[in-house]
Structures are given as structure tokens and as C-alpha cells.
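Student: Here you go, this is target-v2.pdb (PDB, C-alpha atoms).
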ATOM      1  CA  MET A1045       2.010 -30.900 -15.106  1.00  0.00           C
ATOM      2  CA  ARG A1046       3.105 -29.970 -18.624  1.00  0.00           C
ATOM      3  CA  LEU A1047       1.829 -27.034 -20.656  1.00  0.00           C
ATOM      4  CA  PHE A1048       1.569 -27.559 -24.431  1.00  0.00           C
ATOM      5  CA  LEU A1049       1.233 -24.289 -26.334  1.00  0.00           C
ATOM      6  CA  PHE A1050       0.318 -24.417 -30.022  1.00  0.00           C
ATOM      7  CA  ASP A1051       0.764 -21.746 -32.655  1.00  0.00           C
ATOM      8  CA  VAL A1052      -2.271 -21.301 -34.936  1.00  0.00           C
ATOM      9  CA  ASP A1053      -1.474 -20.510 -38.580  1.00  0.00           C
ATOM     10  CA  GLY A1054       0.650 -23.151 -40.251  1.00  0.00           C
ATOM     11  CA  THR A1055       0.644 -25.337 -37.141  1.00  0.00           C
ATOM     12  CA  LEU A1056      -3.000 -26.017 -36.272  1.00  0.00           C
ATOM     13  CA  ILE A1057      -4.677 -24.720 -39.430  1.00  0.00           C
ATOM     14  CA  PHE A1058      -4.261 -23.452 -42.962  1.00  0.00           C
ATOM     15  CA  ALA A1059      -6.733 -20.629 -43.546  1.00  0.00           C
ATOM     16  CA  HIS A1060      -5.977 -19.870 -47.201  1.00  0.00           C
ATOM     17  CA  GLY A1061      -4.938 -16.261 -46.521  1.00  0.00           C
ATOM     18  CA  VAL A1062      -8.098 -15.208 -44.732  1.00  0.00           C
ATOM     19  CA  GLY A1063      -6.159 -13.489 -41.937  1.00  0.00           C
ATOM     20  CA  ARG A1064      -4.186 -11.285 -44.309  1.00  0.00           C
ATOM     21  CA  LEU A1065      -7.305 -10.497 -46.335  1.00  0.00           C
ATOM     22  CA  ALA A1066      -9.239  -9.422 -43.222  1.00  0.00           C
ATOM     23  CA  LEU A1067      -6.279  -7.442 -41.870  1.00  0.00           C
ATOM     24  CA  THR A1068      -5.816  -5.687 -45.203  1.00  0.00           C
ATOM     25  CA  LYS A1069      -9.446  -4.593 -45.175  1.00  0.00           C
ATOM     26  CA  ALA A1070      -9.113  -3.374 -41.575  1.00  0.00           C
ATOM     27  CA  MET A1071      -5.966  -1.349 -42.247  1.00  0.00           C
ATOM     28  CA  GLN A1072      -7.567   0.252 -45.273  1.00  0.00           C
ATOM     29  CA  GLU A1073     -10.582   1.307 -43.207  1.00  0.00           C
ATOM     30  CA  VAL A1074      -8.674   2.565 -40.177  1.00  0.00           C
ATOM     31  CA  TYR A1075      -5.604   4.165 -41.731  1.00  0.00           C
ATOM     32  CA  GLY A1076      -6.870   4.995 -45.211  1.00  0.00           C
ATOM     33  CA  VAL A1077      -3.885   3.285 -46.812  1.00  0.00           C
ATOM     34  CA  THR A1078      -3.722   0.114 -48.891  1.00  0.00           C
ATOM     35  CA  PRO A1079      -1.062  -2.087 -47.239  1.00  0.00           C
ATOM     36  CA  LYS A1080       1.627  -3.681 -49.372  1.00  0.00           C
ATOM     37  CA  PHE A1081       2.986  -6.991 -48.148  1.00  0.00           C
ATOM     38  CA  GLU A1082       5.261  -7.775 -51.096  1.00  0.00           C
ATOM     39  CA  ASN A1083       8.531  -6.943 -49.333  1.00  0.00           C
ATOM     40  CA  TYR A1084       7.535  -7.925 -45.816  1.00  0.00           C
ATOM     41  CA  ASP A1085       8.005 -11.376 -44.298  1.00  0.00           C
ATOM     42  CA  ALA A1086       5.082 -11.787 -41.906  1.00  0.00           C
ATOM     43  CA  ARG A1087       5.829 -15.423 -41.025  1.00  0.00           C
ATOM     44  CA  GLY A1088       5.910 -15.863 -37.247  1.00  0.00           C
ATOM     45  CA  LYS A1089       5.293 -12.170 -36.577  1.00  0.00           C
ATOM     46  CA  THR A1090       2.575 -10.957 -34.222  1.00  0.00           C
ATOM     47  CA  ASP A1091      -0.387  -9.030 -35.593  1.00  0.00           C
ATOM     48  CA  PRO A1092       0.734  -5.761 -33.917  1.00  0.00           C
ATOM     49  CA  GLN A1093       4.228  -6.185 -35.414  1.00  0.00           C
ATOM     50  CA  ILE A1094       2.712  -6.721 -38.845  1.00  0.00           C
ATOM     51  CA  VAL A1095       0.460  -3.668 -38.670  1.00  0.00           C
ATOM     52  CA  PHE A1096       3.259  -1.417 -37.416  1.00  0.00           C
ATOM     53  CA  ALA A1097       5.759  -2.613 -40.009  1.00  0.00           C
ATOM     54  CA  VAL A1098       3.408  -2.460 -42.982  1.00  0.00           C
ATOM     55  CA  MET A1099       1.831   0.863 -42.052  1.00  0.00           C
ATOM     56  CA  ARG A1100       5.193   2.483 -41.249  1.00  0.00           C
ATOM     57  CA  GLY A1101       6.334   1.274 -44.666  1.00  0.00           C
ATOM     58  CA  ALA A1102       3.315   3.079 -46.124  1.00  0.00           C
ATOM     59  CA  GLY A1103       4.315   6.300 -44.357  1.00  0.00           C
ATOM     60  CA  VAL A1104       1.811   6.298 -41.503  1.00  0.00           C
ATOM     61  CA  PRO A1105       3.285   7.892 -38.320  1.00  0.00           C
ATOM     62  CA  ALA A1106       3.874   5.558 -35.385  1.00  0.00           C
ATOM     63  CA  ASP A1107       1.565   7.489 -33.043  1.00  0.00           C
ATOM     64  CA  VAL A1108      -1.276   7.272 -35.562  1.00  0.00           C
ATOM     65  CA  ILE A1109      -0.740   3.541 -35.931  1.00  0.00           C
ATOM     66  CA  ALA A1110      -0.770   3.031 -32.155  1.00  0.00           C
ATOM     67  CA  ALA A1111      -3.928   5.104 -31.729  1.00  0.00           C
ATOM     68  CA  GLY A1112      -5.762   3.032 -34.329  1.00  0.00           C
ATOM     69  CA  LEU A1113      -4.688  -0.462 -33.264  1.00  0.00           C
ATOM     70  CA  GLY A1114      -7.747  -1.208 -31.135  1.00  0.00           C
ATOM     71  CA  SER A1115     -10.158  -0.234 -33.906  1.00  0.00           C
ATOM     72  CA  CYS A1116      -8.037  -2.034 -36.488  1.00  0.00           C
ATOM     73  CA  PHE A1117      -8.237  -5.345 -34.667  1.00  0.00           C
ATOM     74  CA  GLU A1118     -11.948  -5.019 -33.906  1.00  0.00           C
ATOM     75  CA  ILE A1119     -12.654  -4.460 -37.607  1.00  0.00           C
ATOM     76  CA  HIS A1120     -10.200  -7.234 -38.501  1.00  0.00           C
ATOM     77  CA  ALA A1121     -12.135  -9.711 -36.347  1.00  0.00           C
ATOM     78  CA  ARG A1122     -15.432  -8.621 -37.859  1.00  0.00           C
ATOM     79  CA  HIS A1123     -14.159  -9.154 -41.409  1.00  0.00           C
ATOM     80  CA  LEU A1124     -12.543 -12.437 -40.419  1.00  0.00           C
ATOM     81  CA  ASN A1125     -15.743 -13.862 -38.973  1.00  0.00           C
ATOM     82  CA  ALA A1126     -17.763 -12.654 -41.969  1.00  0.00           C
ATOM     83  CA  LEU A1127     -15.363 -14.199 -44.484  1.00  0.00           C
ATOM     84  CA  ILE A1128     -15.360 -17.536 -42.658  1.00  0.00           C
ATOM     85  CA  ASP A1129     -19.140 -17.492 -42.278  1.00  0.00           C
ATOM     86  CA  ASN A1130     -19.376 -16.900 -46.029  1.00  0.00           C
ATOM     87  CA  GLY A1131     -17.436 -20.045 -46.763  1.00  0.00           C
ATOM     88  CA  HIS A1132     -13.773 -19.064 -46.819  1.00  0.00           C
ATOM     89  CA  PRO A1133     -12.017 -22.398 -46.186  1.00  0.00           C
ATOM     90  CA  VAL A1134     -10.143 -23.200 -42.986  1.00  0.00           C
ATOM     91  CA  ARG A1135      -8.641 -26.665 -42.714  1.00  0.00           C
ATOM     92  CA  THR A1136      -6.816 -28.368 -39.899  1.00  0.00           C
ATOM     93  CA  MET A1137      -3.310 -29.681 -40.482  1.00  0.00           C
ATOM     94  CA  PRO A1138      -2.727 -33.468 -40.697  1.00  0.00           C
ATOM     95  CA  GLY A1139      -3.366 -35.257 -37.410  1.00  0.00           C
ATOM     96  CA  ILE A1140      -4.027 -32.075 -35.466  1.00  0.00           C
ATOM     97  CA  PRO A1141      -7.616 -32.761 -34.309  1.00  0.00           C
ATOM     98  CA  GLU A1142      -6.677 -36.188 -32.977  1.00  0.00           C
ATOM     99  CA  LEU A1143      -3.423 -34.978 -31.400  1.00  0.00           C
ATOM    100  CA  VAL A1144      -5.014 -32.014 -29.638  1.00  0.00           C
ATOM    101  CA  ARG A1145      -7.848 -34.143 -28.269  1.00  0.00           C
ATOM    102  CA  ALA A1146      -5.439 -36.842 -27.075  1.00  0.00           C
ATOM    103  CA  LEU A1147      -3.133 -34.391 -25.326  1.00  0.00           C
ATOM    104  CA  SER A1148      -6.116 -32.684 -23.708  1.00  0.00           C
ATOM    105  CA  GLY A1149      -7.196 -36.016 -22.300  1.00  0.00           C
ATOM    106  CA  GLN A1150      -3.955 -36.585 -20.401  1.00  0.00           C
ATOM    107  CA  GLU A1151      -4.273 -35.858 -16.694  1.00  0.00           C
ATOM    108  CA  ASP A1152      -0.869 -34.186 -16.421  1.00  0.00           C
ATOM    109  CA  ALA A1153      -1.211 -32.010 -19.534  1.00  0.00           C
ATOM    110  CA  LEU A1154      -2.756 -28.617 -20.162  1.00  0.00           C
ATOM    111  CA  VAL A1155      -3.205 -27.538 -23.778  1.00  0.00           C
ATOM    112  CA  GLY A1156      -3.218 -23.914 -24.848  1.00  0.00           C
ATOM    113  CA  LEU A1157      -2.369 -21.414 -27.560  1.00  0.00           C
ATOM    114  CA  LEU A1158       0.640 -19.209 -28.099  1.00  0.00           C
ATOM    115  CA  THR A1159       0.074 -17.193 -31.230  1.00  0.00           C
ATOM    116  CA  GLY A1160       0.846 -13.873 -32.857  1.00  0.00           C
ATOM    117  CA  ASN A1161      -2.836 -13.580 -33.732  1.00  0.00           C
ATOM    118  CA  VAL A1162      -4.844 -11.229 -31.582  1.00  0.00           C
ATOM    119  CA  GLU A1163      -7.256 -13.224 -29.424  1.00  0.00           C
ATOM    120  CA  GLN A1164     -10.388 -12.407 -31.422  1.00  0.00           C
ATOM    121  CA  GLY A1165      -8.605 -13.424 -34.624  1.00  0.00           C
ATOM    122  CA  ALA A1166      -7.363 -16.721 -33.210  1.00  0.00           C
ATOM    123  CA  ARG A1167     -10.825 -17.610 -31.945  1.00  0.00           C
ATOM    124  CA  ALA A1168     -12.389 -16.757 -35.308  1.00  0.00           C
ATOM    125  CA  LYS A1169      -9.953 -18.990 -37.202  1.00  0.00           C
ATOM    126  CA  LEU A1170     -10.423 -21.911 -34.816  1.00  0.00           C
ATOM    127  CA  ARG A1171     -14.221 -21.636 -34.684  1.00  0.00           C
ATOM    128  CA  PRO A1172     -14.926 -23.794 -37.760  1.00  0.00           C
ATOM    129  CA  THR A1173     -12.537 -26.520 -36.574  1.00  0.00           C
ATOM    130  CA  GLY A1174     -14.415 -27.297 -33.361  1.00  0.00           C
ATOM    131  CA  LEU A1175     -11.099 -27.404 -31.493  1.00  0.00           C
ATOM    132  CA  ALA A1176     -11.338 -24.148 -29.555  1.00  0.00           C
ATOM    133  CA  PRO A1177     -12.676 -25.728 -26.304  1.00  0.00           C
ATOM    134  CA  TYR A1178      -9.552 -27.876 -25.995  1.00  0.00           C
ATOM    135  CA  PHE A1179      -7.307 -24.810 -25.642  1.00  0.00           C
ATOM    136  CA  ARG A1180      -7.917 -23.863 -22.041  1.00  0.00           C
ATOM    137  CA  VAL A1181      -5.360 -21.057 -21.814  1.00  0.00           C
ATOM    138  CA  GLY A1182      -3.666 -18.802 -24.302  1.00  0.00           C
ATOM    139  CA  ALA A1183      -1.338 -15.895 -24.954  1.00  0.00           C
ATOM    140  CA  TYR A1184      -1.932 -13.743 -28.008  1.00  0.00           C
ATOM    141  CA  GLY A1185      -0.550 -10.893 -30.051  1.00  0.00           C
ATOM    142  CA  SER A1186      -3.153  -8.727 -28.348  1.00  0.00           C
ATOM    143  CA  ASP A1187      -1.412  -9.430 -25.019  1.00  0.00           C
ATOM    144  CA  ASP A1188       2.020  -8.328 -26.239  1.00  0.00           C
ATOM    145  CA  GLY A1189       3.484  -7.610 -29.641  1.00  0.00           C
ATOM    146  CA  ASP A1190       6.726  -9.342 -28.660  1.00  0.00           C
ATOM    147  CA  ARG A1191       6.328 -13.099 -29.077  1.00  0.00           C
ATOM    148  CA  ARG A1192       9.131 -13.742 -26.582  1.00  0.00           C
ATOM    149  CA  ARG A1193       6.974 -12.307 -23.789  1.00  0.00           C
ATOM    150  CA  LEU A1194       3.978 -14.534 -24.470  1.00  0.00           C
ATOM    151  CA  PRO A1195       5.141 -17.754 -22.742  1.00  0.00           C
ATOM    152  CA  ALA A1196       5.219 -16.025 -19.353  1.00  0.00           C
ATOM    153  CA  ILE A1197       1.667 -14.762 -19.911  1.00  0.00           C
ATOM    154  CA  ALA A1198       0.415 -18.225 -20.843  1.00  0.00           C
ATOM    155  CA  ARG A1199       2.218 -19.740 -17.864  1.00  0.00           C
ATOM    156  CA  GLU A1200       0.632 -17.258 -15.456  1.00  0.00           C
ATOM    157  CA  ARG A1201      -2.814 -17.976 -16.878  1.00  0.00           C
ATOM    158  CA  ALA A1202      -2.175 -21.692 -16.489  1.00  0.00           C
ATOM    159  CA  HIS A1203      -1.316 -21.097 -12.828  1.00  0.00           C
ATOM    160  CA  THR A1204      -4.512 -19.086 -12.331  1.00  0.00           C
ATOM    161  CA  LEU A1205      -6.568 -21.848 -13.929  1.00  0.00           C
ATOM    162  CA  THR A1206      -5.004 -24.897 -12.290  1.00  0.00           C
ATOM    163  CA  GLY A1207      -3.210 -23.648  -9.185  1.00  0.00           C
ATOM    164  CA  HIS A1208      -0.026 -25.306 -10.484  1.00  0.00           C
ATOM    165  CA  THR A1209       3.177 -23.378 -11.063  1.00  0.00           C
ATOM    166  CA  ILE A1210       4.549 -24.921 -14.242  1.00  0.00           C
ATOM    167  CA  PRO A1211       8.298 -24.400 -14.688  1.00  0.00           C
ATOM    168  CA  PHE A1212       9.402 -23.273 -18.125  1.00  0.00           C
ATOM    169  CA  GLU A1213      11.230 -26.546 -18.695  1.00  0.00           C
ATOM    170  CA  ARG A1214       7.777 -28.210 -18.532  1.00  0.00           C
ATOM    171  CA  VAL A1215       6.369 -25.837 -21.149  1.00  0.00           C
ATOM    172  CA  VAL A1216       6.330 -27.119 -24.743  1.00  0.00           C
ATOM    173  CA  ILE A1217       5.966 -24.556 -27.542  1.00  0.00           C
ATOM    174  CA  ILE A1218       4.821 -26.021 -30.850  1.00  0.00           C
ATOM    175  CA  GLY A1219       5.096 -23.950 -34.021  1.00  0.00           C
ATOM    176  CA  ASP A1220       6.021 -23.854 -37.674  1.00  0.00           C
ATOM    177  CA  THR A1221       8.528 -20.972 -37.853  1.00  0.00           C
ATOM    178  CA  PRO A1222      12.030 -20.184 -36.594  1.00  0.00           C
ATOM    179  CA  LEU A1223      10.465 -17.477 -34.428  1.00  0.00           C
ATOM    180  CA  ASP A1224       8.493 -20.141 -32.543  1.00  0.00           C
ATOM    181  CA  VAL A1225      11.762 -21.962 -31.835  1.00  0.00           C
ATOM    182  CA  ASP A1226      13.362 -18.683 -30.756  1.00  0.00           C
ATOM    183  CA  CYS A1227      10.407 -17.958 -28.470  1.00  0.00           C
ATOM    184  CA  ALA A1228      10.844 -21.295 -26.684  1.00  0.00           C
ATOM    185  CA  ARG A1229      14.601 -20.932 -26.418  1.00  0.00           C
ATOM    186  CA  ALA A1230      14.325 -17.410 -24.975  1.00  0.00           C
ATOM    187  CA  CYS A1231      12.322 -18.594 -21.947  1.00  0.00           C
ATOM    188  CA  GLY A1232      13.827 -22.042 -21.437  1.00  0.00           C
ATOM    189  CA  ALA A1233      10.808 -23.939 -22.778  1.00  0.00           C
ATOM    190  CA  ARG A1234      11.013 -27.012 -25.014  1.00  0.00           C
ATOM    191  CA  SER A1235      10.686 -26.263 -28.714  1.00  0.00           C
ATOM    192  CA  VAL A1236       8.768 -28.444 -31.158  1.00  0.00           C
ATOM    193  CA  ALA A1237       8.854 -27.420 -34.818  1.00  0.00           C
ATOM    194  CA  VAL A1238       6.611 -28.796 -37.549  1.00  0.00           C
ATOM    195  CA  SER A1239       7.078 -28.131 -41.252  1.00  0.00           C
ATOM    196  CA  THR A1240       3.408 -27.769 -42.178  1.00  0.00           C
ATOM    197  CA  GLY A1241       3.697 -24.010 -42.645  1.00  0.00           C
ATOM    198  CA  GLN A1242       5.773 -21.881 -44.991  1.00  0.00           C
ATOM    199  CA  HIS A1243       9.192 -22.981 -43.726  1.00  0.00           C
ATOM    200  CA  SER A1244      10.749 -26.177 -45.011  1.00  0.00           C
ATOM    201  CA  TYR A1245      11.891 -29.061 -42.852  1.00  0.00           C
ATOM    202  CA  ASP A1246      15.523 -28.138 -43.560  1.00  0.00           C
ATOM    203  CA  GLU A1247      14.979 -24.474 -42.650  1.00  0.00           C
ATOM    204  CA  LEU A1248      13.513 -25.511 -39.319  1.00  0.00           C
ATOM    205  CA  ALA A1249      16.228 -28.097 -38.720  1.00  0.00           C
ATOM    206  CA  ALA A1250      18.799 -25.304 -39.033  1.00  0.00           C
ATOM    207  CA  CYS A1251      17.211 -23.686 -35.950  1.00  0.00           C
ATOM    208  CA  SER A1252      17.921 -26.810 -33.858  1.00  0.00           C
ATOM    209  CA  PRO A1253      14.528 -27.275 -32.182  1.00  0.00           C
ATOM    210  CA  ASP A1254      14.287 -29.927 -29.472  1.00  0.00           C
ATOM    211  CA  LEU A1255      11.940 -31.914 -31.716  1.00  0.00           C
ATOM    212  CA  LEU A1256      11.145 -31.587 -35.408  1.00  0.00           C
ATOM    213  CA  PHE A1257       8.228 -33.175 -37.257  1.00  0.00           C
ATOM    214  CA  ARG A1258       7.286 -33.065 -40.920  1.00  0.00           C
ATOM    215  CA  ASP A1259       3.668 -33.197 -39.769  1.00  0.00           C
ATOM    216  CA  PHE A1260       1.554 -34.906 -37.113  1.00  0.00           C
ATOM    217  CA  SER A1261      -0.165 -37.390 -39.418  1.00  0.00           C
ATOM    218  CA  ASN A1262       1.189 -40.311 -37.382  1.00  0.00           C
ATOM    219  CA  VAL A1263      -0.763 -39.296 -34.305  1.00  0.00           C
ATOM    220  CA  GLU A1264       0.192 -42.284 -32.168  1.00  0.00           C
ATOM    221  CA  SER A1265       3.919 -41.727 -32.741  1.00  0.00           C
ATOM    222  CA  ALA A1266       3.681 -37.957 -32.235  1.00  0.00           C
ATOM    223  CA  LEU A1267       1.702 -38.380 -29.029  1.00  0.00           C
ATOM    224  CA  CYS A1268       4.212 -40.873 -27.661  1.00  0.00           C
ATOM    225  CA  ILE A1269       7.148 -38.565 -28.426  1.00  0.00           C
ATOM    226  CA  LEU A1270       5.454 -35.438 -27.066  1.00  0.00           C
ATOM    227  CA  SER A1271       4.388 -37.274 -23.918  1.00  0.00           C
ATOM    228  CA  GLN A1272       8.027 -37.977 -23.134  1.00  0.00           C
ATOM    229  CA  ILE A1273       9.505 -34.569 -23.881  1.00  0.00           C
TER     230      ILE A1273
END
Would you mind writing the file's structure down as C-alpha cells?
Tutor:
Amino acid sequence: MRLFLFDVDGTLIFAHGVGRLALTKAMQEVYGVTPKFENYDARGKTDPQIVFAVMRGAGVPADVIAAGLGSCFEIHARHLNALIDNGHPVRTMPGIPELVRALSGQEDALVGLLTGNVEQGARAKLRPTGLAPYFRVGAYGSDDGDRRRLPAIARERAHTLTGHTIPFERVVIIGDTPLDVDCARACGARSVAVSTGQHSYDELAACSPDLLFRDFSNVESALCILSQI
């Protein structure tokens, strides 16, 4: 059995900044500080990493940030769902609906999520796509703020679900940032990069992923290649 783990933002969907907008509102409510993202590169970071970095930059003590994280992410999810319900656009990336459904239909494949989003946030963003039921396992920023630790969590959940112990070399991590490639490399998984996010094809190529796609618009070709990895 193979385990395919997809990142969310930039890989599965483009949410037109709704995550940052909801998180900004949550941080303002919980910490009383307006976050400034101008000098912070959030690409590929987990939600806890983002909150800690931005709030520390605003002068909030680390212990105060830690104490407020739970409330921050609850409020974040509430704002996120409200914004999406009110029409904030979320679109799937080229070929993604067809690719996810096709992979999910393979007997020897299990499809899941590996994302820096907290679980409630990931579910909110995927809700309008109709794809959430295809992701049968997941590891999230709410499980651990260190992305490198998430593959082991997803793998354990896959074992609990299926009874199969999936070796890391049979785990495929699909993402749009160098940190997704690093995450796969750190645990011995296969790395698949796709340049549908905020990193260019050349930037991702410099990270030497096992596979690199511009996008998944050619679903038949992508499925064939991924099925052989």
C-alpha cells in the first residue's frame, strides 16, 4: 500500500488569502495586537509557527502566545467558515479533483493530508471543494508545529485505519514549497513538488524533489507517473 499525502494551500486549492485574513482577525481578538506579515515568509510554515513568529515580532511574550493558541485557532476556524460561507472564493488547482478521485479509487493507495493548517482550518478550506471525504487520514499543524514530524503522525493514523504498516519509502508527500520537499526528505518519503503555489518551477527544481510538475492539468499523465513512484 502507498500513502499519498497532499498539502492544502497552493497544492490542492487557492483560497485567495482567506486563511491569512481569518488568522489576522483571530490574533487581533486573542492577543490584542494587529499582526504584520510584511517581513515574514509564511510559505510552507505551520499555523503555530506563523502565530509564534508574527506575535513574537509584535512583542507578545512566548508564554502568552502559547496560552492563547487554542482560543486563537478556534476563533480562526470560526472566521474562516464565516468568510467562506459569505462567498469568499476557494478554487481547486488544475486537475486536482480528478487526480484525487482517481488516486482514491486505487486499491493499493490511501490518500490523505499533510498540511501546516490546523485541522479545523484545513477542513474549512476543503469544504466548498467537495473533496474532503477522499482524504481518509491527515496530519496537521494542530498535531505538531514542526512539519518534519507530521509524516510519522499520518503514517500511524494510516496504520490505525487500515491495519497496514506503510514504510516511509511508500509514502508520497505532495506540496508546492521547498519545505514540503524537506519534510519528505527528512523522513525518507518520496517528494513530489508542484509549482501551482507561490514558488516557481525553477525554485522547486533547485530543491531536487523526486518528481516535479508544473501542475496536474494532464491528469492521465500525472496519475500514471504517481502510480509508478
Student: Find the residues around stretch 1099-1110 of chain A up to 10 Å (all atoms listed in the file counted), leave out those fewer than 4 positions away in its own chain, and share them as an MDAnalysis selection string.
Tutor: chainID A and resid 1071:1072 1074:1081 1083:1084 1092:1095 1114 1116
Student: Once you count only C-alpha atoms, what closest atom pair and distance in Å to one decimal does each residue of stretch 1071-1104 of chain A within 12 Å of stretch 1240-1260 of chain A have, with rows by chain and rising residue number, as a tab-separated table?
Tutor:
residue	atom	partner	partner_atom	distance
A:Asp1085	CA	A:Gln1242	CA	10.8
A:Ala1086	CA	A:Gln1242	CA	10.6
A:Arg1087	CA	A:Gln1242	CA	7.6
A:Gly1088	CA	A:Gln1242	CA	9.8
Student: Separation of atom CA of A:Glu1073 and atom CA of A:Gln1164, in Å?
Tutor: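 Pair atom CA of A:Glu1073 / atom CA of A:Gln1164 returns 18.1 Å.
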Student: If the PyMOL selection byres ((chain A and resi 1173) around 10) is run on the structure shown, which residues does it catch, given as a list in words?
Tutor: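 Going through the file, the PyMOL selection byres ((chain A and resi 1173) around 10) ends up selecting Leu1056, Ile1057, Val1134, Arg1135, Thr1136, Pro1141, Ala1168, Lys1169, Leu1170, Arg1171, Pro1172, Gly1174, Leu1175 and Ala1176 of chain A.
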Student: Just to confirm, what's the straight-line distance from atom CA of A:Gly1185 to atom CA of A:Ile1269 in Å (one decimal)?
Tutor: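 Straight-line distance from atom CA of A:Gly1185 to atom CA of A:Ile1269 works out to 28.8 Å.
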Student: So which one's closest to A:Asp1051, A:Lys1089, A:Arg1064, A:His1203, A:His1123? Using only C-alpha atoms, please.
Tutor: A:Lys1089
Student: Please indicate the distance in Å from atom CA of A:Ala1153 to atom CA of A:Cys1231, rounded to one decimal place.
Tutor: 19.2 Å
Student: Would you give the centre and edge lengths, in Å to one decimal, of a box along x, y and z around the listed atoms of stretch 1224-1242 of chain A, with 4 Å added to each side, as lines of an AutoDock Vina configuration file?
Tutor:
center_x = 9.0
center_y = -23.1
center_z = -33.2
size_x = 19.2
size_y = 19.4
size_z = 31.6
Student: From the options A:His1208, A:Ala1066, A:Phe1096, A:Leu1124, which residue's atoms come nearest to A:Ala1111, counting only C-alpha atoms?
Tutor: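 Of the candidates, the smallest distance to A:Ala1111 is held by A:Phe1096.
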Student: For the file shown, report as a list in words the outcome of the PyMOL selection byres ((chain A and resi 1129-1132) around 8) at residue level.
Tutor: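 Given this file, the PyMOL selection byres ((chain A and resi 1129-1132) around 8) evaluates to Ala1059, His1060, Val1062, Asn1125, Ala1126, Leu1127, Ile1128, Pro1133 and Val1134 of chain A.
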Student: Would you tabulate, counting only C-alpha atoms, all residues of stretch 1111-1182 of chain A that have an atom at most 10 Å from an atom of stretch 1216-1224 of chain A, showing the closest pair of atoms and their distance in Å to one decimal, sorted by chain then ascending number, as JSON lines?
Tutor:
{"residue": "A:Val1155", "atom": "CA", "partner": "A:Val1216", "partner_atom": "CA", "distance": 9.6}
{"residue": "A:Gly1156", "atom": "CA", "partner": "A:Ile1217", "partner_atom": "CA", "distance": 9.6}
{"residue": "A:Leu1157", "atom": "CA", "partner": "A:Ile1217", "partner_atom": "CA", "distance": 8.9}
{"residue": "A:Leu1158", "atom": "CA", "partner": "A:Ile1217", "partner_atom": "CA", "distance": 7.6}
{"residue": "A:Thr1159", "atom": "CA", "partner": "A:Gly1219", "partner_atom": "CA", "distance": 8.9}
{"residue": "A:Gly1160", "atom": "CA", "partner": "A:Asp1224", "partner_atom": "CA", "distance": 9.9}
Student: Could stretch 1070-1081 of chain A be completed with N, CA, C and O atoms and written as a compact mmCIF listing (two decimals), in the coordinates of the input, please?
Tutor:
# COMPACT_ATOMS: atom_id res chain seq x y z
N ALA A 1070 -9.08 -4.18 -42.80
CA ALA A 1070 -9.11 -3.37 -41.58
C ALA A 1070 -8.14 -2.20 -41.65
O ALA A 1070 -8.48 -1.07 -41.26
N MET A 1071 -6.94 -2.44 -42.14
CA MET A 1071 -5.97 -1.35 -42.25
C MET A 1071 -6.42 -0.28 -43.23
O MET A 1071 -6.22 0.91 -43.02
N GLN A 1072 -7.04 -0.71 -44.31
CA GLN A 1072 -7.57 0.25 -45.27
C GLN A 1072 -8.63 1.14 -44.63
O GLN A 1072 -8.63 2.37 -44.83
N GLU A 1073 -9.50 0.54 -43.84
CA GLU A 1073 -10.58 1.31 -43.21
C GLU A 1073 -10.07 2.24 -42.13
O GLU A 1073 -10.53 3.38 -42.01
N VAL A 1074 -9.13 1.78 -41.33
CA VAL A 1074 -8.67 2.56 -40.18
C VAL A 1074 -7.65 3.62 -40.57
O VAL A 1074 -7.71 4.77 -40.10
N TYR A 1075 -6.71 3.26 -41.43
CA TYR A 1075 -5.60 4.16 -41.73
C TYR A 1075 -5.71 4.82 -43.10
O TYR A 1075 -4.92 5.72 -43.42
N GLY A 1076 -6.68 4.38 -43.91
CA GLY A 1076 -6.87 5.00 -45.21
C GLY A 1076 -5.75 4.71 -46.19
O GLY A 1076 -5.56 5.47 -47.16
N VAL A 1077 -5.02 3.64 -45.96
CA VAL A 1077 -3.88 3.28 -46.81
C VAL A 1077 -4.01 1.81 -47.20
O VAL A 1077 -4.36 0.98 -46.37
N THR A 1078 -3.73 1.51 -48.46
CA THR A 1078 -3.72 0.11 -48.89
C THR A 1078 -2.37 -0.51 -48.55
O THR A 1078 -1.34 -0.07 -49.06
N PRO A 1079 -2.34 -1.50 -47.65
CA PRO A 1079 -1.06 -2.09 -47.24
C PRO A 1079 -0.43 -2.91 -48.35
O PRO A 1079 -1.13 -3.54 -49.15
N LYS A 1080 0.88 -2.89 -48.40
CA LYS A 1080 1.63 -3.68 -49.37
C LYS A 1080 2.51 -4.66 -48.62
O LYS A 1080 3.36 -4.28 -47.83
N PHE A 1081 2.27 -5.94 -48.86
CA PHE A 1081 2.99 -6.99 -48.15
C PHE A 1081 4.15 -7.58 -48.96
O PHE A 1081 4.86 -8.44 -48.46
